[in-house]
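Text of upload.txt (compact mmCIF, C-alpha atoms (C1' of nucleotides)) as supplied:
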# COMPACT_ATOMS: atom_id res chain seq x y z
CA MET Q 65 0.00 0.00 0.00
CA ARG Q 66 2.70 2.47 0.94
CA ALA Q 67 4.63 1.55 -2.18
CA LEU Q 68 1.57 1.83 -4.39
CA GLY Q 69 0.80 5.20 -2.87
CA GLU Q 70 4.30 6.39 -3.61
CA ARG Q 71 4.04 5.20 -7.19
CA LEU Q 72 0.85 7.25 -7.51
CA GLY Q 73 2.47 10.26 -5.88
CA VAL Q 74 0.21 10.02 -2.90
CA GLU Q 75 0.31 8.97 0.70
CA ALA Q 76 -0.62 5.38 1.49
CA MET Q 77 -3.76 6.13 3.44
CA SER Q 78 -5.22 8.20 0.64
CA LEU Q 79 -5.85 4.99 -1.27
CA TYR Q 80 -8.48 4.08 1.25
CA ARG Q 81 -10.71 6.84 -0.13
CA TYR Q 82 -11.24 4.55 -3.08
CA LEU Q 83 -10.80 1.07 -1.67
CA PRO Q 84 -12.19 -0.50 1.47
CA SER Q 85 -9.15 -2.73 1.93
CA LYS Q 86 -6.13 -4.21 0.27
CA ALA Q 87 -8.08 -7.40 -0.33
CA ALA Q 88 -10.61 -5.49 -2.42
CA LEU Q 89 -7.80 -4.06 -4.50
CA LEU Q 90 -6.42 -7.50 -5.20
CA ASP Q 91 -9.89 -8.80 -5.97
CA ALA Q 92 -10.33 -6.07 -8.54
CA ALA Q 93 -6.93 -6.80 -10.04
CA VAL Q 94 -7.75 -10.48 -10.40
CA GLU Q 95 -11.09 -9.71 -11.92
CA SER Q 96 -9.50 -7.45 -14.48
CA VAL Q 97 -6.95 -10.08 -15.41
CA LEU Q 98 -9.70 -12.63 -15.90
CA ALA Q 99 -11.87 -10.27 -17.91
CA GLY Q 100 -10.44 -11.60 -21.15
CA VAL Q 101 -11.40 -15.18 -20.47
CA THR Q 102 -14.18 -16.29 -22.78
CA PRO Q 103 -16.62 -19.10 -21.99
CA PRO Q 104 -17.14 -21.76 -24.66
CA ASP Q 105 -19.16 -20.33 -27.53
CA PRO Q 106 -22.44 -22.24 -27.93
CA ALA Q 107 -22.68 -21.04 -31.52
CA ASP Q 108 -19.73 -23.21 -32.49
CA PRO Q 109 -21.14 -26.57 -33.59
CA ASP Q 110 -17.87 -28.37 -32.85
CA TRP Q 111 -17.40 -29.07 -29.15
CA ARG Q 112 -13.66 -29.33 -29.66
CA GLY Q 113 -13.61 -25.80 -30.98
CA GLN Q 114 -15.63 -24.54 -28.04
CA VAL Q 115 -13.34 -26.11 -25.48
CA LEU Q 116 -10.19 -25.06 -27.31
CA GLY Q 117 -11.29 -21.45 -27.57
CA SER Q 118 -12.13 -21.11 -23.93
CA ALA Q 119 -9.00 -22.93 -22.86
CA ARG Q 120 -6.78 -20.73 -24.98
CA SER Q 121 -8.31 -17.55 -23.65
CA PHE Q 122 -7.68 -18.68 -20.09
CA ARG Q 123 -4.14 -19.68 -20.84
CA GLN Q 124 -3.52 -16.34 -22.48
CA ALA Q 125 -4.80 -14.44 -19.47
CA ILE Q 126 -2.46 -16.34 -17.19
CA ALA Q 127 0.49 -16.02 -19.53
CA ASP Q 128 -0.04 -12.26 -19.74
CA HIS Q 129 0.04 -11.84 -15.96
CA PRO Q 130 2.13 -14.56 -14.36
CA ARG Q 131 2.55 -12.58 -11.14
CA MET Q 132 -1.18 -12.83 -10.52
CA VAL Q 133 -1.15 -16.59 -10.34
CA PRO Q 134 -0.98 -16.87 -6.55
CA LEU Q 135 -3.87 -14.46 -6.21
CA ILE Q 136 -5.97 -16.34 -8.73
CA GLN Q 137 -5.18 -19.59 -7.03
CA ALA Q 138 -5.97 -18.21 -3.61
CA ARG Q 139 -9.41 -17.06 -4.74
CA GLY Q 140 -9.81 -20.30 -6.63
CA PRO Q 141 -13.28 -21.42 -7.56
CA LYS Q 142 -15.01 -18.52 -5.82
CA LEU Q 143 -14.18 -16.36 -8.80
CA PRO Q 144 -17.45 -15.68 -10.64
CA LYS Q 145 -15.75 -15.70 -14.00
CA LEU Q 146 -14.27 -19.13 -13.53
CA GLU Q 147 -17.50 -20.48 -12.13
CA ALA Q 148 -19.40 -19.23 -15.17
CA VAL Q 149 -16.90 -20.78 -17.56
CA TRP Q 150 -17.06 -23.98 -15.57
CA ARG Q 151 -20.81 -24.23 -15.85
CA ALA Q 152 -20.88 -23.35 -19.52
CA SER Q 153 -18.26 -26.00 -20.22
CA HIS Q 154 -20.32 -28.57 -18.41
CA LEU Q 155 -23.11 -27.98 -20.89
CA VAL Q 156 -20.68 -28.56 -23.74
CA TRP Q 157 -20.03 -32.09 -22.59
CA GLU Q 158 -23.68 -32.87 -22.28
CA SER Q 159 -24.36 -31.54 -25.74
CA ALA Q 160 -21.46 -33.69 -26.95
CA GLY Q 161 -23.32 -36.76 -25.82
CA ALA Q 162 -22.15 -37.37 -22.26
CA ASP Q 163 -24.56 -38.23 -19.48
CA PRO Q 164 -24.52 -35.75 -16.56
CA TYR Q 165 -22.16 -37.77 -14.42
CA THR Q 166 -19.69 -38.32 -17.21
CA ALA Q 167 -19.98 -34.66 -18.16
CA ASN Q 168 -18.99 -33.77 -14.63
CA GLN Q 169 -16.01 -36.08 -14.71
CA LEU Q 170 -14.88 -34.83 -18.06
CA GLN Q 171 -15.21 -31.23 -16.96
CA LEU Q 172 -13.18 -31.95 -13.83
CA ALA Q 173 -10.47 -33.63 -15.86
CA VAL Q 174 -10.26 -31.04 -18.61
CA GLY Q 175 -10.63 -28.19 -16.15
CA ALA Q 176 -7.77 -29.60 -14.15
CA TYR Q 177 -5.59 -29.53 -17.21
CA VAL Q 178 -6.70 -26.18 -18.55
CA ILE Q 179 -6.46 -24.39 -15.24
CA GLY Q 180 -3.66 -26.36 -13.66
CA ALA Q 181 -1.28 -26.29 -16.56
CA PRO Q 182 -0.97 -22.51 -16.87
CA LEU Q 183 -0.73 -22.19 -13.12
CA TRP Q 184 2.20 -24.53 -13.11
CA GLU Q 185 3.77 -23.03 -16.19
CA ALA Q 186 3.68 -19.62 -14.60
CA SER Q 187 5.73 -20.87 -11.68
CA LEU Q 188 8.17 -22.38 -14.17
CA ASP Q 189 8.77 -18.94 -15.63
CA ARG Q 190 8.44 -16.80 -12.57
CA ASP Q 191 12.05 -16.81 -11.50
CA THR Q 192 13.55 -15.73 -14.80
CA ALA Q 193 10.80 -14.05 -16.76
CA ASP Q 194 10.32 -10.77 -14.98
CA GLU Q 195 13.84 -9.44 -15.07
CA ALA Q 196 14.08 -7.64 -18.37
CA THR Q 197 17.26 -7.97 -20.34
CA ASP Q 198 18.90 -6.23 -23.29
CA GLU Q 199 20.80 -9.34 -24.25
CA PRO Q 200 19.11 -10.35 -27.52
CA ALA Q 201 20.15 -13.97 -27.19
CA VAL Q 202 18.58 -14.25 -23.77
CA ALA Q 203 15.37 -12.65 -24.94
CA PHE Q 204 15.26 -14.98 -27.92
CA VAL Q 205 15.72 -18.06 -25.81
CA ARG Q 206 12.95 -16.91 -23.53
CA THR Q 207 10.41 -16.36 -26.24
CA ALA Q 208 11.37 -19.66 -27.83
CA GLU Q 209 10.82 -21.28 -24.45
CA LYS Q 210 7.42 -19.64 -24.15
CA LEU Q 211 6.44 -20.78 -27.60
CA ARG Q 212 7.59 -24.29 -26.88
CA ARG Q 213 5.39 -24.39 -23.80
CA GLU Q 214 2.44 -23.02 -25.68
CA LEU Q 215 2.84 -25.81 -28.20
CA ALA Q 216 3.09 -28.33 -25.41
CA PHE Q 217 -0.13 -26.97 -23.92
CA GLU Q 218 -1.87 -27.31 -27.26
CA LEU Q 219 -0.44 -30.76 -27.81
CA GLY Q 220 -1.50 -32.03 -24.41
CA LEU Q 221 -4.95 -30.53 -24.67
CA GLY Q 222 -5.37 -31.94 -28.15
CA LEU Q 223 -4.33 -35.40 -27.04
CA LEU Q 224 -6.62 -35.22 -24.04
CA LEU Q 225 -9.51 -34.24 -26.30
CA ASP Q 226 -8.55 -37.08 -28.64
CA GLY Q 227 -8.86 -39.47 -25.76
CA ILE Q 228 -12.19 -37.99 -24.75
CA GLU Q 229 -13.46 -38.16 -28.30
CA SER Q 230 -12.82 -41.85 -28.68
CA GLU Q 231 -14.14 -42.50 -25.19
CA LEU Q 232 -17.38 -40.70 -26.02
CA LYS Q 233 -17.71 -42.72 -29.21
CA ARG Q 234 -17.05 -45.88 -27.25
CA ARG Q 235 -19.69 -45.07 -24.64
CA ALA Q 236 -22.44 -43.96 -27.01
CA PRO Q 237 -21.76 -45.51 -30.39
CA LYS Q 238 -25.39 -45.50 -31.47
CA LEU Q 239 -25.68 -41.75 -31.09
CA LYS Q 240 -22.82 -41.36 -33.50
CA CYS Q 241 -23.87 -44.01 -36.01
CA GLN Q 242 -27.59 -43.65 -36.55
CA GLU Q 243 -28.02 -40.26 -34.89
CA ALA Q 244 -31.23 -41.38 -33.16
CA GLY Q 245 -32.55 -43.56 -30.38
CA PRO Q 246 -32.39 -43.00 -26.62
CA ALA Q 247 -29.12 -42.72 -24.72
CA PRO Q 248 -27.84 -46.25 -24.02
CA THR Q 249 -28.47 -46.48 -20.29
CA PRO Q 250 -25.67 -44.29 -18.94
CA VAL Q 251 -24.32 -44.90 -15.50
CA GLU Q 252 -26.75 -43.55 -12.95
CA MET Q 253 -25.51 -41.58 -9.94
CA ALA Q 254 -27.05 -39.44 -7.24
CA SER Q 255 -25.94 -35.96 -8.34
CA MET W 92 6.93 -17.89 14.41
CA ARG W 93 5.51 -16.55 17.63
CA ALA W 94 2.55 -18.89 17.32
CA LEU W 95 4.72 -21.86 16.52
CA GLY W 96 6.89 -21.04 19.50
CA GLU W 97 3.86 -20.97 21.75
CA ARG W 98 2.67 -24.29 20.41
CA LEU W 99 6.07 -25.73 21.30
CA GLY W 100 5.99 -24.10 24.71
CA VAL W 101 8.86 -21.84 23.87
CA GLU W 102 9.53 -18.24 23.01
CA ALA W 103 9.55 -17.32 19.33
CA MET W 104 13.20 -16.39 19.10
CA SER W 105 14.26 -19.76 20.47
CA LEU W 106 13.31 -21.31 17.16
CA TYR W 107 16.20 -19.52 15.54
CA ARG W 108 18.61 -21.78 17.35
CA TYR W 109 17.48 -24.50 14.95
CA LEU W 110 16.47 -22.57 11.85
CA PRO W 111 18.25 -19.78 10.03
CA SER W 112 14.96 -18.23 8.94
CA LYS W 113 11.29 -18.78 8.47
CA ALA W 114 11.92 -19.53 4.81
CA ALA W 115 14.15 -22.44 5.75
CA LEU W 116 11.40 -23.83 7.94
CA LEU W 117 8.93 -23.70 5.10
CA ASP W 118 11.48 -25.25 2.76
CA ALA W 119 11.88 -28.16 5.14
CA ALA W 120 8.13 -28.56 5.44
CA VAL W 121 7.71 -28.67 1.68
CA GLU W 122 10.53 -31.14 1.35
CA SER W 123 8.93 -33.43 3.90
CA VAL W 124 5.58 -33.28 2.15
CA LEU W 125 7.22 -34.19 -1.15
CA ALA W 126 9.24 -37.01 0.37
CA GLY W 127 6.57 -39.52 -0.56
CA VAL W 128 6.64 -38.70 -4.25
CA THR W 129 8.13 -41.54 -6.25
CA PRO W 130 9.80 -41.15 -9.63
CA PRO W 131 8.67 -43.48 -12.41
CA ASP W 132 10.02 -46.96 -11.78
CA PRO W 133 12.33 -48.06 -14.63
CA ALA W 134 11.76 -51.69 -13.70
CA ASP W 135 8.18 -51.48 -14.89
CA PRO W 136 8.17 -52.50 -18.56
CA ASP W 137 4.93 -50.63 -19.22
CA TRP W 138 5.46 -46.89 -19.62
CA ARG W 139 1.82 -46.27 -18.72
CA GLY W 140 2.37 -47.98 -15.42
CA GLN W 141 5.47 -45.92 -14.73
CA VAL W 142 3.75 -42.63 -15.41
CA LEU W 143 0.62 -43.61 -13.51
CA GLY W 144 2.56 -44.66 -10.43
CA SER W 145 4.54 -41.47 -10.23
CA ALA W 146 1.52 -39.33 -10.96
CA ARG W 147 -0.53 -41.00 -8.25
CA SER W 148 2.17 -40.57 -5.67
CA PHE W 149 2.37 -36.86 -6.41
CA ARG W 150 -1.35 -36.43 -6.30
CA GLN W 151 -1.47 -38.27 -3.00
CA ALA W 152 1.15 -36.00 -1.47
CA ILE W 153 -0.81 -32.93 -2.47
CA ALA W 154 -4.12 -34.37 -1.33
CA ASP W 155 -2.63 -35.19 2.06
CA HIS W 156 -1.44 -31.63 2.62
CA PRO W 157 -3.62 -29.18 0.75
CA ARG W 158 -2.45 -26.25 2.86
CA MET W 159 1.06 -26.66 1.48
CA VAL W 160 0.01 -26.00 -2.08
CA PRO W 161 0.92 -22.31 -2.15
CA LEU W 162 4.34 -23.10 -0.75
CA ILE W 163 4.96 -25.87 -3.27
CA GLN W 164 3.83 -23.61 -6.06
CA ALA W 165 5.99 -20.74 -4.86
CA ARG W 166 9.09 -22.93 -4.88
CA GLY W 167 7.99 -24.41 -8.15
CA PRO W 168 10.53 -26.17 -10.29
CA LYS W 169 13.44 -25.36 -8.01
CA LEU W 170 12.38 -28.24 -5.81
CA PRO W 171 14.99 -30.99 -6.24
CA LYS W 172 12.41 -33.72 -5.88
CA LEU W 173 10.24 -32.42 -8.65
CA GLU W 174 13.23 -31.83 -10.85
CA ALA W 175 14.36 -35.41 -10.37
CA VAL W 176 10.92 -36.79 -11.17
CA TRP W 177 10.77 -34.54 -14.18
CA ARG W 178 14.04 -35.81 -15.57
CA ALA W 179 13.20 -39.44 -14.90
CA SER W 180 9.87 -39.03 -16.64
CA HIS W 181 11.56 -37.57 -19.66
CA LEU W 182 13.49 -40.80 -20.04
CA VAL W 183 10.26 -42.74 -19.95
CA TRP W 184 9.01 -41.00 -23.07
CA GLU W 185 12.21 -41.63 -24.91
CA SER W 186 12.12 -45.29 -24.00
CA ALA W 187 8.52 -45.35 -25.18
CA GLY W 188 9.68 -44.41 -28.64
CA ALA W 189 9.57 -40.62 -28.72
CA ASP W 190 12.37 -38.54 -30.18
CA PRO W 191 13.95 -36.08 -27.71
CA TYR W 192 11.90 -33.10 -28.81
CA THR W 193 8.64 -34.98 -28.67
CA ALA W 194 9.63 -36.44 -25.32
CA ASN W 195 10.06 -32.94 -24.04
CA GLN W 196 6.68 -31.85 -25.32
CA LEU W 197 4.96 -34.89 -23.90
CA GLN W 198 6.63 -34.39 -20.55
CA LEU W 199 5.56 -30.75 -20.49
CA ALA W 200 1.99 -31.70 -21.32
CA VAL W 201 1.69 -34.60 -18.91
CA GLY W 202 3.60 -32.71 -16.23
CA ALA W 203 1.21 -29.83 -16.60
CA TYR W 204 -1.70 -32.14 -15.98
CA VAL W 205 -0.15 -34.17 -13.19
CA ILE W 206 1.18 -31.21 -11.29
CA GLY W 207 -1.40 -28.64 -12.24
CA ALA W 208 -4.46 -30.71 -11.58
CA PRO W 209 -3.82 -31.46 -7.89
CA LEU W 210 -2.76 -27.88 -7.32
CA TRP W 211 -6.06 -26.69 -8.65
CA GLU W 212 -8.04 -29.39 -6.88
CA ALA W 213 -6.53 -28.35 -3.60
CA SER W 214 -7.80 -24.83 -4.03
CA LEU W 215 -11.22 -26.27 -4.81
CA ASP W 216 -11.26 -27.96 -1.42
CA ARG W 217 -9.37 -25.43 0.62
CA ASP W 218 -12.31 -23.38 1.79
CA THR W 219 -14.40 -26.22 3.15
CA ALA W 220 -12.04 -29.09 3.79
CA ASP W 221 -10.12 -27.99 6.84
CA GLU W 222 -12.96 -27.23 9.21
CA ALA W 223 -13.65 -30.57 10.88
CA THR W 224 -17.26 -31.52 11.47
CA ASP W 225 -19.13 -34.09 13.53
CA GLU W 226 -22.06 -34.08 11.14
CA PRO W 227 -21.81 -37.54 9.52
CA ALA W 228 -23.70 -36.46 6.41
CA VAL W 229 -21.31 -33.58 5.78
CA ALA W 230 -18.31 -35.80 6.27
CA PHE W 231 -19.76 -38.38 3.90
CA VAL W 232 -20.43 -35.84 1.18
CA ARG W 233 -16.90 -34.57 1.52
CA THR W 234 -15.27 -37.94 1.15
CA ALA W 235 -17.57 -38.74 -1.75
CA GLU W 236 -16.50 -35.48 -3.33
CA LYS W 237 -12.86 -36.35 -2.81
CA LEU W 238 -13.34 -39.76 -4.34
CA ARG W 239 -15.15 -38.29 -7.29
CA ARG W 240 -12.25 -35.97 -7.94
CA GLU W 241 -9.76 -38.77 -7.64
CA LEU W 242 -11.69 -40.69 -10.24
CA ALA W 243 -11.77 -37.64 -12.47
CA PHE W 244 -8.01 -37.32 -12.11
CA GLU W 245 -7.55 -40.94 -13.11
CA LEU W 246 -9.99 -40.60 -15.96
CA GLY W 247 -8.34 -37.50 -17.36
CA LEU W 248 -4.87 -38.92 -17.01
CA GLY W 249 -5.97 -42.17 -18.61
CA LEU W 250 -7.54 -40.38 -21.54
CA LEU W 251 -4.49 -38.18 -21.97
CA LEU W 252 -2.28 -41.27 -22.00
CA ASP W 253 -4.67 -42.86 -24.49
CA GLY W 254 -4.18 -39.91 -26.75
CA ILE W 255 -0.43 -40.09 -26.34
CA GLU W 256 -0.40 -43.80 -27.03
CA SER W 257 -2.15 -43.48 -30.35
CA GLU W 258 -0.06 -40.45 -31.25
CA LEU W 259 3.12 -42.40 -30.56
CA LYS W 260 1.90 -45.26 -32.70
CA ARG W 261 1.00 -42.80 -35.43
CA ARG W 262 4.41 -41.15 -35.37
CA ALA W 263 6.51 -44.31 -35.23
CA PRO W 264 4.45 -47.15 -36.65
CA LYS W 265 7.47 -49.10 -37.80
CA LEU W 266 8.89 -49.25 -34.32
CA LYS W 267 5.67 -50.81 -33.13
CA CYS W 268 5.13 -53.19 -36.07
CA GLN W 269 8.48 -54.70 -36.89
CA GLU W 270 10.34 -53.59 -33.78
CA ALA W 271 13.41 -52.63 -35.77
CA GLY W 272 14.80 -50.05 -38.18
CA PRO W 273 15.94 -46.50 -37.42
CA ALA W 274 13.64 -43.83 -36.06
CA PRO W 275 11.69 -42.31 -38.96
CA THR W 276 13.36 -38.91 -39.25
CA PRO W 277 11.86 -37.12 -36.26
CA VAL W 278 11.54 -33.37 -36.29
CA GLU W 279 14.93 -31.85 -35.59
CA MET W 280 15.28 -28.92 -33.17
CA ALA W 281 18.10 -27.07 -31.45
CA SER W 282 17.74 -28.17 -27.83
C1' DC A 118 37.74 -29.66 41.53
C1' DG A 119 37.36 -24.98 38.96
C1' DG A 120 37.09 -22.79 34.75
C1' DT A 121 35.63 -22.58 30.09
C1' DT A 122 33.02 -23.66 26.20
C1' DT A 123 28.52 -25.04 24.27
C1' DA A 124 23.54 -25.56 24.08
C1' DT A 125 19.25 -23.61 24.90
C1' DG A 126 16.18 -19.67 25.99
C1' DT A 127 14.64 -15.10 27.02
C1' DT A 128 14.32 -10.05 26.48
C1' DT A 129 14.33 -6.03 24.04
C1' DA A 130 14.14 -3.55 19.97
C1' DC A 131 13.78 -2.33 14.90
C1' DG A 132 11.58 -1.70 10.60
C1' DA A 133 7.79 -2.99 7.49
C1' DC A 134 3.12 -4.06 7.03
C1' DG A 135 -2.32 -3.03 6.82
C1' DT A 136 -5.34 0.16 8.55
C1' DA A 137 -8.42 2.79 12.32
C1' DA A 138 -9.03 7.51 13.80
C1' DT A 139 -8.50 12.12 13.19
C1' DC A 140 -7.78 16.41 11.08
C1' DC A 141 -7.43 19.83 7.11
C1' DA A 142 -7.99 22.53 2.90
C1' DG A 143 -10.37 23.33 -1.14
C1' DT A 144 -14.72 22.79 -3.80
C1' DT A 145 -19.41 22.27 -4.43
C1' DT A 146 -24.18 22.72 -3.04
C1' DT A 147 -28.05 24.90 -0.69
C1' DA K 203 -22.62 32.92 3.61
C1' DA K 204 -23.18 28.38 5.64
C1' DA K 205 -23.12 23.58 5.11
C1' DA K 206 -21.65 19.43 3.04
C1' DC K 207 -18.67 16.89 0.38
C1' DT K 208 -14.01 15.47 -1.66
C1' DG K 209 -9.34 14.11 -1.77
C1' DG K 210 -5.71 14.12 0.93
C1' DA K 211 -2.13 14.10 5.08
C1' DT K 212 -0.82 12.69 9.95
C1' DT K 213 -0.49 9.96 13.70
C1' DA K 214 -0.81 5.78 15.93
C1' DC K 215 -1.80 0.75 16.91
C1' DG K 216 -1.00 -4.14 16.50
C1' DT K 217 1.31 -7.74 13.98
C1' DC K 218 5.02 -9.72 11.58
C1' DG K 219 10.09 -11.63 10.93
C1' DT K 220 14.32 -11.20 13.06
C1' DA K 221 18.96 -8.84 14.69
C1' DA K 222 21.50 -8.21 19.06
C1' DA K 223 22.44 -8.88 23.47
C1' DC K 224 21.96 -11.29 27.67
C1' DA K 225 21.06 -15.34 30.88
C1' DT K 226 21.55 -20.14 32.51
C1' DA K 227 22.49 -24.68 32.66
C1' DA K 228 24.99 -28.75 30.95
C1' DA K 229 29.17 -30.78 29.21
C1' DC K 230 33.91 -30.99 28.84
C1' DC K 231 38.78 -30.82 30.22
C1' DG K 232 43.08 -29.51 32.53
Any chance you could put this one into structure tokens?
Amino acid sequence: MRALGERLGVEAMSLYRYLPSKAALLDAAVESVLAGVTPPDPADPDWRGQVLGSARSFRQAIADHPRMVPLIQARGPKLPKLEAVWRASHLVWESAGADPYTANQLQLAVGAYVIGAPLWEASLDRDTADEATDEPAVAFVRTAEKLRRELAFELGLGLLLDGIESELKRRAPKLKCQEAGPAPTPVEMAS
Amino acid sequence: MRALGERLGVEAMSLYRYLPSKAALLDAAVESVLAGVTPPDPADPDWRGQVLGSARSFRQAIADHPRMVPLIQARGPKLPKLEAVWRASHLVWESAGADPYTANQLQLAVGAYVIGAPLWEASLDRDTADEATDEPAVAFVRTAEKLRRELAFELGLGLLLDGIESELKRRAPKLKCQEAGPAPTPVEMAS
DNA sequence: CGGTTTATGTTTACGACGTAATCCAGTTTT
DNA sequence: AAAACTGGATTACGTCGTAAACATAAACCG
């Protein structure tokens, strides 16, 4: 607070004219970082495309602000944005042919990857990334590193979705073949 | 420190006879939590089994100590244990038929899931899990929830490995069919 | 045995932190 | 002109990690 005040050319306590507490400030910062995250787009007929789009937007938000990762993690699932994306994604799985229980499992698994991976990646970078350098070679290696990780994220997500795709086909082959008939007795669970 | 001292029946400053700093204490705590993590076992001929075993041990360590997650994340890849597991896992991919670059990508992707997922899960639980309750129904729901998430972790990891398995077969079919011949010109990259 | 290290604690104090309480000078509104 | 509001400064409190110095008992050694 004192440091922020100084950076704004103002005494620390003056900030409290605008903010009830430091926590509120951090909340607002997190919210602004997550503003760019887009839920899966229901207009897209391809569920892969929906999931990929949302996943990429989340990864981008994290990659743009690695220092915010601990704050995001601390707030965790209470964040309205993430909750909304979560719920919307759940619907994607159901519309892709999963029964509610399976949809839940798939969403947990994919969500774990999509959210967990950038969180971990950020801590991979954190030590080296923030100190700017004029050394061109160093900067080049860093961006190459970043690109490599982005590709790895895409690769892993793609392979995970591959696995899900064949699993969905395996569980509901009739829905894919003759495009009609009731769901083939999915596993029943108390929700 | 003061609180820990009180819990040990001792003044806060006495702790500094044994520890150089609070950071060192937290380092030791993290190390002890990660002691139970096992690297992939090279004796296992099945690379799926190797990866699964290591992944489960990591997930277990996190699940047993959810409060440590921020500390683990803060130390990130500097942790010797994680670095060792990381390197050992890399070898698994190469022995499974991946060229070095692909092995790196696969390890990044799987590592992101295996490490990221429990980190995220822990923050899902953190709010509710630590307050103990005598209400049997509440306790039951919580353990059911935990089990459900464990299954989701297994499901997601299994599907990801499924995807990897078919991708590996796709990239190196000769290695799988006639078990001989040189690797089919993998993508070359400066390491 | 007496004297000296060594191990274990305590006490006090410092600077940094978030922030509650108070006051103060312009500016706007009635 | 009087009242209310706005944006800001000051001071002070309690908490944190920990540096520095001091105390006390055990262990060791001639």
>> Neighbouring residues of DT144 (chain A) were defined as those with any atom within 12 Å, considering all atoms listed in the file; residues of the same chain fewer than 5 positions away were excluded. Please report them as a PyMOL selection string.
In response: chain K and resi 206-209
Residue subset to file, keeping C-alpha atoms (C1' of nucleotides), as a PDB file, keeping the file's coordinate frame:
ATOM      1  C1'  DA K 206     -21.650  19.430   3.040  1.00  0.00           C
ATOM      2  C1'  DC K 207     -18.670  16.890   0.380  1.00  0.00           C
ATOM      3  C1'  DT K 208     -14.010  15.470  -1.660  1.00  0.00           C
ATOM      4  C1'  DG K 209      -9.340  14.110  -1.770  1.00  0.00           C
TER       5       DG K 209
END
Using all atoms listed in the file and a distance of at most 8 Å, pull out the residues of chain W that contact chain Q, as an mmCIF file with C-alpha atoms, in the frame of the given file.
data_model
loop_
_atom_site.group_PDB
_atom_site.id
_atom_site.type_symbol
_atom_site.label_atom_id
_atom_site.label_comp_id
_atom_site.auth_asym_id
_atom_site.auth_seq_id
_atom_site.Cartn_x
_atom_site.Cartn_y
_atom_site.Cartn_z
ATOM 1 C CA PRO W 161 0.920 -22.310 -2.150
ATOM 2 C CA GLN W 164 3.830 -23.610 -6.060
ATOM 3 C CA ALA W 165 5.990 -20.740 -4.860
ATOM 4 C CA ARG W 166 9.090 -22.930 -4.880
ATOM 5 C CA GLY W 167 7.990 -24.410 -8.150
ATOM 6 C CA PRO W 168 10.530 -26.170 -10.290
ATOM 7 C CA GLN W 196 6.680 -31.850 -25.320
ATOM 8 C CA LEU W 197 4.960 -34.890 -23.900
ATOM 9 C CA LEU W 199 5.560 -30.750 -20.490
ATOM 10 C CA ALA W 200 1.990 -31.700 -21.320
ATOM 11 C CA VAL W 201 1.690 -34.600 -18.910
ATOM 12 C CA ALA W 203 1.210 -29.830 -16.600
ATOM 13 C CA TYR W 204 -1.700 -32.140 -15.980
ATOM 14 C CA ILE W 206 1.180 -31.210 -11.290
ATOM 15 C CA GLY W 207 -1.400 -28.640 -12.240
ATOM 16 C CA ALA W 208 -4.460 -30.710 -11.580
ATOM 17 C CA PRO W 209 -3.820 -31.460 -7.890
ATOM 18 C CA LEU W 210 -2.760 -27.880 -7.320
ATOM 19 C CA TRP W 211 -6.060 -26.690 -8.650
ATOM 20 C CA GLU W 212 -8.040 -29.390 -6.880
ATOM 21 C CA SER W 214 -7.800 -24.830 -4.030
ATOM 22 C CA LEU W 215 -11.220 -26.270 -4.810
ATOM 23 C CA ARG W 239 -15.150 -38.290 -7.290
ATOM 24 C CA ARG W 240 -12.250 -35.970 -7.940
ATOM 25 C CA LEU W 242 -11.690 -40.690 -10.240
ATOM 26 C CA ALA W 243 -11.770 -37.640 -12.470
ATOM 27 C CA PHE W 244 -8.010 -37.320 -12.110
ATOM 28 C CA LEU W 246 -9.990 -40.600 -15.960
ATOM 29 C CA GLY W 247 -8.340 -37.500 -17.360
ATOM 30 C CA LEU W 248 -4.870 -38.920 -17.010
ATOM 31 C CA LEU W 250 -7.540 -40.380 -21.540
ATOM 32 C CA LEU W 251 -4.490 -38.180 -21.970
ATOM 33 C CA LEU W 252 -2.280 -41.270 -22.000
ATOM 34 C CA ASP W 253 -4.670 -42.860 -24.490
ATOM 35 C CA GLY W 254 -4.180 -39.910 -26.750
ATOM 36 C CA ILE W 255 -0.430 -40.090 -26.340
ATOM 37 C CA GLU W 258 -0.060 -40.450 -31.250
#
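Remark: for chain A, the closest of the candidate residues W:Met92, W:Ala103, W:Val232, W:Ala115 is W:Ala103 (distances computed over all atoms listed in the file).
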>> Residues of chain W within 8 Å of chain A, counting all atoms listed in the file - could you list those as a PyMOL selection string?
In response: chain W and resi 101-102+105+108
> So which residues touch Leu125 (chain W) within 10 Å, counting all atoms listed in the file, skipping near sequence neighbours fewer than 2 positions away, as a ChimeraX atom specification?
Replying inline: /W:119-123,127-129,148-149,151-153,156,163,170-173
